[in-house]
Amino acid sequence: RRLGSAFTEFPRLDRLGSEITVRQRRAYDLDVLRQVLTLAFLKQTLPNSLSLKTTACVIGDGFASMAALLLAYPAAGRVILVNLTKTLLVDLWYLRLWMGSDAFESQVDLVTDIAGVHRSLASTTASGSGQRVVAIQAMHHALLKECPVDIAVNIASMQEMDPPVIAAYFDDLRAVAARRYLFFYCCNREEKALPDCTVTRFADYPWKQADRLIVDGPCPW
């Protein structure tokens with residue numbers, strides 16, 4: 001946690017990480033600390049882009065750690081959560097443990113088509129706020145094109161995808177970026193060999209020369 005001393009909001013996010021994991025009845029482990037450090041870094045790097053007005057997209061969360069932190073801080077008013085079906089079920093279960101069953105039922109929506117996305121984005125709860133979490137199975141990832149995403153986050157999961165799948169997610173985010181300003185935080189291994197011997201390389205992701213790079217380098221944690 002010595003790394004957190006560089007970030008003003010780290011102590012607050014560190015406490016939130018502890019509170020969230022207590023409610024989820026699990027350990028505050030290194031994976032959670034990685035998410036806390038990441039959000040502290042993002043808040044310091046993009047101070048005006050993370051607020052209740054923000055719609056964040058988390059691609060490949062684990063135990064809903066980043067989604068919960070974004071909402072609890074709050075660094076986002078809505079989170080679009082995308083994951084493989086079985087893993088998404090785990091994310092949603094841990095979100096339910098943190099939020100409580102009543103809040104979960106009223107503020108979390110699983111969508112499977114364009115109509116569902118539009119309905120969820122337009123809906124309001126009894127308190128007058130919209131759906132806080134819109135969940136999308138990875139097989140329906142193209143629905144991201146319909147979402148007003150301000151910042152997308154991917155940590156250590158694109159490295160597990162085949163290159164055509166990575167390219168498809170980039171296409172989704174570029175479709176959003178064609179309509180609005182979009183930040184993308186992508187933290188993955190420089191190179192990884194998959195079980196079928198496919199090798200994914202960060203440098204080979206479909207970046208474009210026109211992309212504006214804010215930070216580009218090894219992640220300290």
# chains A, B, ... in the order shown; residues from 1 in each chain; ligands from 1
>>> residues_around(residues="Pro11 in chain A", least_positions_apart="4", cutoff="10 Å", atoms="only C-alpha atoms", output="number ranges by chain")
A: 1, 4-5, 7, 15-17, 36-37, 40
>>> select_by_dssp(residues="chain A", states="helix (DSSP H, G or I)", output="tab-separated table (two decimals) with N, CA, C and O atoms, in the first residue's frame")
chain	number	residue	atom	x	y	z
A	2	ARG	N	2.17	1.08	0.12
A	2	ARG	CA	3.08	2.22	0.02
A	2	ARG	C	2.88	2.96	-1.29
A	2	ARG	O	3.03	4.18	-1.36
A	3	LEU	N	2.51	2.22	-2.36
A	3	LEU	CA	2.27	2.85	-3.66
A	3	LEU	C	1.13	3.85	-3.60
A	3	LEU	O	1.08	4.81	-4.36
A	4	GLY	N	0.19	3.64	-2.69
A	4	GLY	CA	-0.97	4.51	-2.59
A	4	GLY	C	-0.64	5.91	-2.09
A	4	GLY	O	-1.45	6.83	-2.26
A	5	SER	N	0.53	6.08	-1.48
A	5	SER	CA	0.88	7.39	-0.91
A	5	SER	C	0.99	8.47	-1.99
A	5	SER	O	0.96	9.65	-1.68
A	6	ALA	N	1.11	8.07	-3.24
A	6	ALA	CA	1.21	9.04	-4.34
A	6	ALA	C	-0.15	9.61	-4.73
A	6	ALA	O	-0.20	10.58	-5.49
A	10	PHE	N	-6.30	7.82	-2.13
A	10	PHE	CA	-6.07	6.41	-1.77
A	10	PHE	C	-6.59	6.05	-0.38
A	10	PHE	O	-7.25	5.00	-0.23
A	11	PRO	N	-6.33	6.86	0.67
A	11	PRO	CA	-6.83	6.45	2.00
A	11	PRO	C	-8.34	6.24	2.03
A	11	PRO	O	-8.83	5.27	2.63
A	12	ARG	N	-9.08	7.13	1.38
A	12	ARG	CA	-10.54	6.99	1.37
A	12	ARG	C	-10.95	5.74	0.60
A	12	ARG	O	-11.81	4.97	1.04
A	13	LEU	N	-10.32	5.50	-0.55
A	13	LEU	CA	-10.67	4.33	-1.35
A	13	LEU	C	-10.22	3.04	-0.67
A	13	LEU	O	-10.89	2.01	-0.78
A	14	ASP	N	-9.13	3.11	0.05
A	14	ASP	CA	-8.65	1.96	0.82
A	14	ASP	C	-9.69	1.56	1.87
A	14	ASP	O	-10.01	0.38	2.06
A	15	ARG	N	-10.24	2.56	2.57
A	15	ARG	CA	-11.29	2.28	3.56
A	15	ARG	C	-12.54	1.71	2.89
A	15	ARG	O	-13.15	0.76	3.41
A	16	LEU	N	-12.89	2.28	1.74
A	16	LEU	CA	-14.06	1.77	1.03
A	16	LEU	C	-13.85	0.32	0.60
A	16	LEU	O	-14.76	-0.51	0.69
A	17	GLY	N	-12.65	0.02	0.12
A	17	GLY	CA	-12.35	-1.36	-0.27
A	17	GLY	C	-12.53	-2.31	0.89
A	17	GLY	O	-13.08	-3.41	0.74
A	18	SER	N	-12.09	-1.89	2.07
A	18	SER	CA	-12.25	-2.72	3.27
A	18	SER	C	-13.72	-2.88	3.63
A	18	SER	O	-14.19	-3.99	3.94
A	19	GLU	N	-14.49	-1.78	3.59
A	19	GLU	CA	-15.91	-1.85	3.92
A	19	GLU	C	-16.68	-2.74	2.95
A	19	GLU	O	-17.56	-3.53	3.35
A	20	ILE	N	-16.35	-2.63	1.67
A	20	ILE	CA	-17.04	-3.44	0.65
A	20	ILE	C	-16.77	-4.91	0.87
A	20	ILE	O	-17.69	-5.75	0.85
A	21	THR	N	-15.50	-5.27	1.08
A	21	THR	CA	-15.18	-6.70	1.24
A	21	THR	C	-15.74	-7.28	2.54
A	21	THR	O	-16.09	-8.46	2.58
A	22	VAL	N	-15.84	-6.47	3.57
A	22	VAL	CA	-16.48	-6.95	4.81
A	22	VAL	C	-17.93	-7.32	4.53
A	22	VAL	O	-18.42	-8.37	4.95
A	23	ARG	N	-18.64	-6.46	3.80
A	23	ARG	CA	-20.05	-6.74	3.49
A	23	ARG	C	-20.18	-7.93	2.56
A	23	ARG	O	-21.19	-8.64	2.59
A	30	LEU	N	-4.94	-8.94	-2.66
A	30	LEU	CA	-4.15	-8.14	-3.60
A	30	LEU	C	-4.95	-7.73	-4.82
A	30	LEU	O	-4.71	-6.67	-5.40
A	31	ASP	N	-5.92	-8.55	-5.24
A	31	ASP	CA	-6.76	-8.19	-6.39
A	31	ASP	C	-7.59	-6.95	-6.07
A	31	ASP	O	-7.74	-6.05	-6.90
A	32	VAL	N	-8.14	-6.88	-4.86
A	32	VAL	CA	-8.92	-5.71	-4.45
A	32	VAL	C	-8.00	-4.49	-4.34
A	32	VAL	O	-8.34	-3.40	-4.80
A	33	LEU	N	-6.82	-4.68	-3.76
A	33	LEU	CA	-5.87	-3.57	-3.63
A	33	LEU	C	-5.50	-3.02	-5.00
A	33	LEU	O	-5.38	-1.80	-5.18
A	34	ARG	N	-5.34	-3.89	-5.99
A	34	ARG	CA	-5.04	-3.45	-7.35
A	34	ARG	C	-6.15	-2.53	-7.88
A	34	ARG	O	-5.88	-1.50	-8.50
A	35	GLN	N	-7.40	-2.90	-7.61
A	35	GLN	CA	-8.52	-2.08	-8.07
A	35	GLN	C	-8.56	-0.74	-7.33
A	35	GLN	O	-8.84	0.31	-7.92
A	36	VAL	N	-8.27	-0.76	-6.03
A	36	VAL	CA	-8.25	0.47	-5.24
A	36	VAL	C	-7.17	1.41	-5.76
A	36	VAL	O	-7.40	2.61	-5.96
A	37	LEU	N	-5.97	0.88	-5.99
A	37	LEU	CA	-4.88	1.70	-6.52
A	37	LEU	C	-5.24	2.26	-7.90
A	37	LEU	O	-4.95	3.42	-8.20
A	38	THR	N	-5.86	1.43	-8.71
A	38	THR	CA	-6.24	1.88	-10.05
A	38	THR	C	-7.22	3.03	-9.99
A	38	THR	O	-7.06	4.05	-10.69
A	39	LEU	N	-8.24	2.92	-9.16
A	39	LEU	CA	-9.24	3.99	-9.09
A	39	LEU	C	-8.64	5.25	-8.47
A	39	LEU	O	-8.96	6.37	-8.90
A	40	ALA	N	-7.74	5.10	-7.49
A	40	ALA	CA	-7.05	6.26	-6.93
A	40	ALA	C	-6.23	6.97	-8.01
A	40	ALA	O	-6.20	8.20	-8.08
A	41	PHE	N	-5.57	6.18	-8.84
A	41	PHE	CA	-4.79	6.73	-9.95
A	41	PHE	C	-5.69	7.44	-10.95
A	41	PHE	O	-5.41	8.55	-11.40
A	42	LEU	N	-6.81	6.80	-11.32
A	42	LEU	CA	-7.73	7.40	-12.28
A	42	LEU	C	-8.33	8.70	-11.76
A	42	LEU	O	-8.48	9.68	-12.50
A	43	LYS	N	-8.69	8.70	-10.47
A	43	LYS	CA	-9.28	9.90	-9.89
A	43	LYS	C	-8.28	11.06	-9.90
A	43	LYS	O	-8.66	12.21	-10.13
A	44	GLN	N	-7.01	10.76	-9.68
A	44	GLN	CA	-6.00	11.81	-9.69
A	44	GLN	C	-5.66	12.25	-11.11
A	44	GLN	O	-5.39	13.42	-11.36
A	45	THR	N	-5.70	11.32	-12.06
A	45	THR	CA	-5.35	11.62	-13.44
A	45	THR	C	-6.49	12.31	-14.19
A	45	THR	O	-6.25	13.18	-15.03
A	65	SER	N	-15.46	-5.93	-7.90
A	65	SER	CA	-14.62	-5.05	-7.09
A	65	SER	C	-14.60	-3.63	-7.63
A	65	SER	O	-14.84	-2.66	-6.88
A	66	MET	N	-14.28	-3.47	-8.92
A	66	MET	CA	-14.21	-2.12	-9.48
A	66	MET	C	-15.59	-1.49	-9.57
A	66	MET	O	-15.76	-0.29	-9.28
A	67	ALA	N	-16.60	-2.26	-9.94
A	67	ALA	CA	-17.96	-1.71	-10.03
A	67	ALA	C	-18.40	-1.16	-8.68
A	67	ALA	O	-18.94	-0.05	-8.59
A	68	ALA	N	-18.18	-1.92	-7.62
A	68	ALA	CA	-18.58	-1.47	-6.29
A	68	ALA	C	-17.81	-0.23	-5.86
A	68	ALA	O	-18.38	0.71	-5.30
A	69	LEU	N	-16.51	-0.19	-6.13
A	69	LEU	CA	-15.71	0.98	-5.77
A	69	LEU	C	-16.17	2.22	-6.52
A	69	LEU	O	-16.27	3.31	-5.95
A	70	LEU	N	-16.44	2.08	-7.82
A	70	LEU	CA	-16.90	3.22	-8.62
A	70	LEU	C	-18.19	3.81	-8.06
A	70	LEU	O	-18.35	5.03	-7.99
A	71	LEU	N	-19.10	2.94	-7.64
A	71	LEU	CA	-20.39	3.41	-7.12
A	71	LEU	C	-20.27	3.92	-5.69
A	71	LEU	O	-20.96	4.88	-5.32
A	72	ALA	N	-19.43	3.29	-4.89
A	72	ALA	CA	-19.33	3.67	-3.48
A	72	ALA	C	-18.60	4.99	-3.29
A	72	ALA	O	-18.89	5.73	-2.35
A	85	THR	N	-20.68	-15.06	-19.00
A	85	THR	CA	-21.94	-15.33	-18.30
A	85	THR	C	-21.73	-15.84	-16.88
A	85	THR	O	-22.29	-15.30	-15.92
A	86	LYS	N	-20.94	-16.90	-16.71
A	86	LYS	CA	-20.75	-17.47	-15.36
A	86	LYS	C	-20.04	-16.49	-14.44
A	86	LYS	O	-20.37	-16.37	-13.25
A	87	THR	N	-19.06	-15.77	-14.98
A	87	THR	CA	-18.32	-14.82	-14.16
A	87	THR	C	-19.18	-13.61	-13.83
A	87	THR	O	-19.08	-13.04	-12.74
A	88	LEU	N	-20.04	-13.22	-14.77
A	88	LEU	CA	-20.97	-12.12	-14.52
A	88	LEU	C	-21.93	-12.48	-13.38
A	88	LEU	O	-22.28	-11.63	-12.55
A	89	LEU	N	-22.34	-13.74	-13.32
A	89	LEU	CA	-23.20	-14.19	-12.23
A	89	LEU	C	-22.50	-13.99	-10.88
A	89	LEU	O	-23.12	-13.55	-9.91
A	90	VAL	N	-21.20	-14.28	-10.84
A	90	VAL	CA	-20.43	-14.08	-9.61
A	90	VAL	C	-20.36	-12.58	-9.29
A	90	VAL	O	-20.56	-12.18	-8.13
A	91	ASP	N	-20.08	-11.76	-10.31
A	91	ASP	CA	-20.07	-10.31	-10.10
A	91	ASP	C	-21.38	-9.83	-9.48
A	91	ASP	O	-21.39	-9.06	-8.52
A	92	LEU	N	-22.49	-10.29	-10.06
A	92	LEU	CA	-23.80	-9.83	-9.59
A	92	LEU	C	-24.10	-10.33	-8.17
A	92	LEU	O	-24.71	-9.61	-7.37
A	93	TRP	N	-23.67	-11.53	-7.85
A	93	TRP	CA	-23.89	-12.05	-6.50
A	93	TRP	C	-23.16	-11.18	-5.48
A	93	TRP	O	-23.72	-10.82	-4.44
A	94	TYR	N	-21.92	-10.83	-5.78
A	94	TYR	CA	-21.16	-10.01	-4.84
A	94	TYR	C	-21.63	-8.57	-4.80
A	94	TYR	O	-21.54	-7.91	-3.76
A	95	LEU	N	-22.18	-8.09	-5.90
A	95	LEU	CA	-22.83	-6.78	-5.86
A	95	LEU	C	-24.04	-6.82	-4.93
A	95	LEU	O	-24.28	-5.89	-4.17
A	96	ARG	N	-24.79	-7.91	-4.99
A	96	ARG	CA	-25.97	-8.06	-4.14
A	96	ARG	C	-25.59	-8.10	-2.67
A	96	ARG	O	-26.25	-7.49	-1.82
A	97	LEU	N	-24.49	-8.80	-2.34
A	97	LEU	CA	-24.03	-8.84	-0.96
A	97	LEU	C	-23.67	-7.45	-0.46
A	97	LEU	O	-23.92	-7.09	0.69
A	98	TRP	N	-23.05	-6.64	-1.34
A	98	TRP	CA	-22.64	-5.30	-0.94
A	98	TRP	C	-23.83	-4.33	-0.88
A	98	TRP	O	-24.01	-3.59	0.08
A	99	MET	N	-24.68	-4.36	-1.90
A	99	MET	CA	-25.78	-3.40	-2.00
A	99	MET	C	-26.94	-3.73	-1.08
A	99	MET	O	-27.67	-2.84	-0.63
A	101	SER	N	-30.24	-6.80	-0.80
A	101	SER	CA	-31.17	-7.38	-1.78
A	101	SER	C	-32.16	-6.37	-2.35
A	101	SER	O	-32.45	-6.38	-3.55
A	102	ASP	N	-32.68	-5.47	-1.52
A	102	ASP	CA	-33.68	-4.51	-2.00
A	102	ASP	C	-33.07	-3.56	-3.01
A	102	ASP	O	-33.65	-3.31	-4.09
A	103	ALA	N	-31.92	-2.98	-2.68
A	103	ALA	CA	-31.26	-2.06	-3.60
A	103	ALA	C	-30.85	-2.78	-4.87
A	103	ALA	O	-30.98	-2.24	-5.98
A	104	PHE	N	-30.36	-4.01	-4.72
A	104	PHE	CA	-29.95	-4.78	-5.90
A	104	PHE	C	-31.12	-4.99	-6.85
A	104	PHE	O	-31.00	-4.79	-8.06
A	105	GLU	N	-32.26	-5.38	-6.32
A	105	GLU	CA	-33.42	-5.65	-7.16
A	105	GLU	C	-33.90	-4.41	-7.90
A	105	GLU	O	-34.40	-4.50	-9.03
A	106	SER	N	-33.76	-3.24	-7.29
A	106	SER	CA	-34.28	-2.03	-7.91
A	106	SER	C	-33.26	-1.27	-8.76
A	106	SER	O	-33.63	-0.46	-9.60
A	107	GLN	N	-31.96	-1.58	-8.57
A	107	GLN	CA	-30.94	-0.76	-9.21
A	107	GLN	C	-30.02	-1.51	-10.18
A	107	GLN	O	-29.14	-0.91	-10.79
A	114	ILE	N	-31.05	-4.57	-27.63
A	114	ILE	CA	-31.00	-3.11	-27.73
A	114	ILE	C	-32.17	-2.47	-27.00
A	114	ILE	O	-32.01	-1.47	-26.29
A	115	ALA	N	-33.35	-3.06	-27.14
A	115	ALA	CA	-34.53	-2.52	-26.46
A	115	ALA	C	-34.32	-2.53	-24.95
A	115	ALA	O	-34.69	-1.58	-24.24
A	116	GLY	N	-33.72	-3.60	-24.44
A	116	GLY	CA	-33.46	-3.70	-23.02
A	116	GLY	C	-32.47	-2.65	-22.54
A	116	GLY	O	-32.63	-2.07	-21.46
A	117	VAL	N	-31.44	-2.39	-23.36
A	117	VAL	CA	-30.47	-1.35	-23.01
A	117	VAL	C	-31.15	0.01	-22.91
A	117	VAL	O	-30.99	0.75	-21.93
A	118	HIS	N	-31.94	0.35	-23.93
A	118	HIS	CA	-32.60	1.66	-23.94
A	118	HIS	C	-33.59	1.78	-22.78
A	118	HIS	O	-33.70	2.85	-22.17
A	119	ARG	N	-34.29	0.68	-22.48
A	119	ARG	CA	-35.24	0.71	-21.37
A	119	ARG	C	-34.51	0.94	-20.05
A	119	ARG	O	-34.92	1.76	-19.23
A	120	SER	N	-33.41	0.23	-19.88
A	120	SER	CA	-32.66	0.34	-18.63
A	120	SER	C	-32.04	1.73	-18.46
A	120	SER	O	-32.08	2.31	-17.38
A	121	LEU	N	-31.49	2.27	-19.53
A	121	LEU	CA	-30.87	3.59	-19.46
A	121	LEU	C	-31.89	4.69	-19.20
A	121	LEU	O	-31.56	5.71	-18.59
A	122	ALA	N	-33.12	4.46	-19.63
A	122	ALA	CA	-34.16	5.48	-19.48
A	122	ALA	C	-34.95	5.33	-18.18
A	122	ALA	O	-35.69	6.23	-17.79
A	138	ALA	N	-20.99	-11.19	-22.01
A	138	ALA	CA	-19.96	-10.94	-23.00
A	138	ALA	C	-20.41	-11.28	-24.42
A	138	ALA	O	-20.01	-10.62	-25.38
A	139	MET	N	-21.27	-12.29	-24.55
A	139	MET	CA	-21.73	-12.64	-25.90
A	139	MET	C	-22.60	-11.55	-26.51
A	139	MET	O	-22.82	-11.53	-27.72
A	140	HIS	N	-23.07	-10.63	-25.69
A	140	HIS	CA	-23.85	-9.49	-26.18
A	140	HIS	C	-23.06	-8.18	-26.09
A	140	HIS	O	-23.63	-7.10	-26.01
A	141	HIS	N	-21.72	-8.27	-26.11
A	141	HIS	CA	-20.89	-7.09	-25.87
A	141	HIS	C	-21.16	-5.95	-26.85
A	141	HIS	O	-20.93	-4.79	-26.54
A	142	ALA	N	-21.66	-6.26	-28.04
A	142	ALA	CA	-21.92	-5.21	-29.03
A	142	ALA	C	-22.96	-4.20	-28.53
A	142	ALA	O	-23.06	-3.09	-29.08
A	143	LEU	N	-23.72	-4.57	-27.49
A	143	LEU	CA	-24.68	-3.63	-26.91
A	143	LEU	C	-24.00	-2.42	-26.30
A	143	LEU	O	-24.64	-1.39	-26.06
A	144	LEU	N	-22.69	-2.53	-26.06
A	144	LEU	CA	-21.94	-1.38	-25.55
A	144	LEU	C	-22.07	-0.18	-26.49
A	144	LEU	O	-22.00	0.97	-26.05
A	145	LYS	N	-22.25	-0.45	-27.78
A	145	LYS	CA	-22.37	0.64	-28.76
A	145	LYS	C	-23.55	1.54	-28.47
A	145	LYS	O	-23.60	2.69	-28.91
A	146	GLU	N	-24.53	1.03	-27.73
A	146	GLU	CA	-25.74	1.79	-27.41
A	146	GLU	C	-25.62	2.56	-26.10
A	146	GLU	O	-26.55	3.29	-25.74
A	158	MET	N	-8.39	-8.59	-21.05
A	158	MET	CA	-8.20	-8.65	-22.50
A	158	MET	C	-7.04	-9.59	-22.86
A	158	MET	O	-7.05	-10.21	-23.92
A	159	GLN	N	-6.08	-9.72	-21.96
A	159	GLN	CA	-4.95	-10.62	-22.20
A	159	GLN	C	-5.40	-12.08	-22.29
A	159	GLN	O	-4.67	-12.92	-22.80
A	160	GLU	N	-6.63	-12.36	-21.81
A	160	GLU	CA	-7.17	-13.72	-21.86
A	160	GLU	C	-8.03	-13.96	-23.11
A	160	GLU	O	-8.51	-15.07	-23.32
A	163	PRO	N	-7.36	-12.49	-30.14
A	163	PRO	CA	-7.23	-11.18	-30.80
A	163	PRO	C	-8.50	-10.69	-31.51
A	163	PRO	O	-8.82	-9.49	-31.40
A	164	PRO	N	-9.28	-11.54	-32.20
A	164	PRO	CA	-10.51	-11.01	-32.82
A	164	PRO	C	-11.52	-10.51	-31.80
A	164	PRO	O	-12.28	-9.57	-32.08
A	165	VAL	N	-11.55	-11.11	-30.61
A	165	VAL	CA	-12.47	-10.66	-29.56
A	165	VAL	C	-12.01	-9.30	-29.03
A	165	VAL	O	-12.81	-8.39	-28.80
A	166	ILE	N	-10.70	-9.16	-28.82
A	166	ILE	CA	-10.15	-7.87	-28.39
A	166	ILE	C	-10.53	-6.79	-29.40
A	166	ILE	O	-10.99	-5.71	-29.04
A	167	ALA	N	-10.35	-7.11	-30.68
A	167	ALA	CA	-10.66	-6.14	-31.74
A	167	ALA	C	-12.14	-5.77	-31.72
A	167	ALA	O	-12.49	-4.60	-31.97
A	168	ALA	N	-13.01	-6.73	-31.42
A	168	ALA	CA	-14.45	-6.45	-31.39
A	168	ALA	C	-14.78	-5.47	-30.26
A	168	ALA	O	-15.60	-4.56	-30.43
A	169	TYR	N	-14.15	-5.63	-29.10
A	169	TYR	CA	-14.37	-4.68	-28.00
A	169	TYR	C	-13.87	-3.29	-28.38
A	169	TYR	O	-14.50	-2.28	-28.07
A	170	PHE	N	-12.73	-3.23	-29.03
A	170	PHE	CA	-12.23	-1.93	-29.49
A	170	PHE	C	-13.22	-1.29	-30.46
A	170	PHE	O	-13.46	-0.07	-30.41
A	171	ASP	N	-13.81	-2.09	-31.33
A	171	ASP	CA	-14.82	-1.57	-32.26
A	171	ASP	C	-16.01	-0.99	-31.50
A	171	ASP	O	-16.54	0.07	-31.85
A	172	ASP	N	-16.44	-1.70	-30.46
A	172	ASP	CA	-17.56	-1.21	-29.64
A	172	ASP	C	-17.24	0.15	-29.06
A	172	ASP	O	-18.03	1.10	-29.13
A	173	LEU	N	-16.05	0.26	-28.44
A	173	LEU	CA	-15.68	1.50	-27.77
A	173	LEU	C	-15.45	2.62	-28.77
A	173	LEU	O	-15.78	3.79	-28.50
A	174	ARG	N	-14.92	2.30	-29.94
A	174	ARG	CA	-14.73	3.34	-30.96
A	174	ARG	C	-16.07	3.84	-31.49
A	174	ARG	O	-16.20	5.02	-31.85
A	175	ALA	N	-17.07	2.97	-31.54
A	175	ALA	CA	-18.41	3.41	-31.96
A	175	ALA	C	-18.96	4.41	-30.96
A	175	ALA	O	-19.61	5.39	-31.34
A	176	VAL	N	-18.72	4.18	-29.66
A	176	VAL	CA	-19.14	5.13	-28.63
A	176	VAL	C	-18.35	6.42	-28.77
A	176	VAL	O	-18.89	7.53	-28.72
A	177	ALA	N	-17.03	6.29	-28.95
A	177	ALA	CA	-16.15	7.46	-29.03
A	177	ALA	C	-16.43	8.33	-30.25
A	177	ALA	O	-16.06	9.51	-30.27
A	202	PHE	N	0.04	-6.84	-26.04
A	202	PHE	CA	-0.57	-5.54	-25.79
A	202	PHE	C	-0.28	-4.57	-26.94
A	202	PHE	O	-1.16	-3.83	-27.37
A	203	ALA	N	0.93	-4.60	-27.44
A	203	ALA	CA	1.30	-3.67	-28.52
A	203	ALA	C	0.53	-3.95	-29.81
A	203	ALA	O	0.43	-3.07	-30.67
A	204	ASP	N	-0.01	-5.17	-29.93
A	204	ASP	CA	-0.74	-5.54	-31.14
A	204	ASP	C	-2.25	-5.29	-31.03
A	204	ASP	O	-2.98	-5.57	-31.98
>>> closest_residue(among="A:Cys187, A:Val111, A:Ala193, A:Val79", to="Asn154 in chain A", atoms="only C-alpha atoms")
A:Cys187
>>> closest_residue(among="A:Leu46, A:Leu110, A:Cys57, A:Ala210", to="Ile136 in chain A", atoms="only C-alpha atoms")
A:Leu110
>>> atom_distance(atom1="CA of Arg212 in chain A", atom2="CA of Asn83 in chain A")
26.5 Å
>>> closest_residue(among="A:Thr200, A:Glu9, A:Ile155, A:Tyr185", to="Asp216 in chain A", atoms="only C-alpha atoms")
A:Tyr185
>>> atom_distance(atom1="CA of Asp150 in chain A", atom2="CA of Lys192 in chain A")
28.6 Å
>>> closest_residue(among="A:Arg180, A:Arg26, A:Arg132, A:Arg201", to="Ile151 in chain A", atoms="only C-alpha atoms")
A:Arg180
>>> select_by_dssp(residues="range 19-123 of chain A", states="strand (DSSP E)", output="MDAnalysis selection string")
chainID A and resid 55:59 78:83 108:111
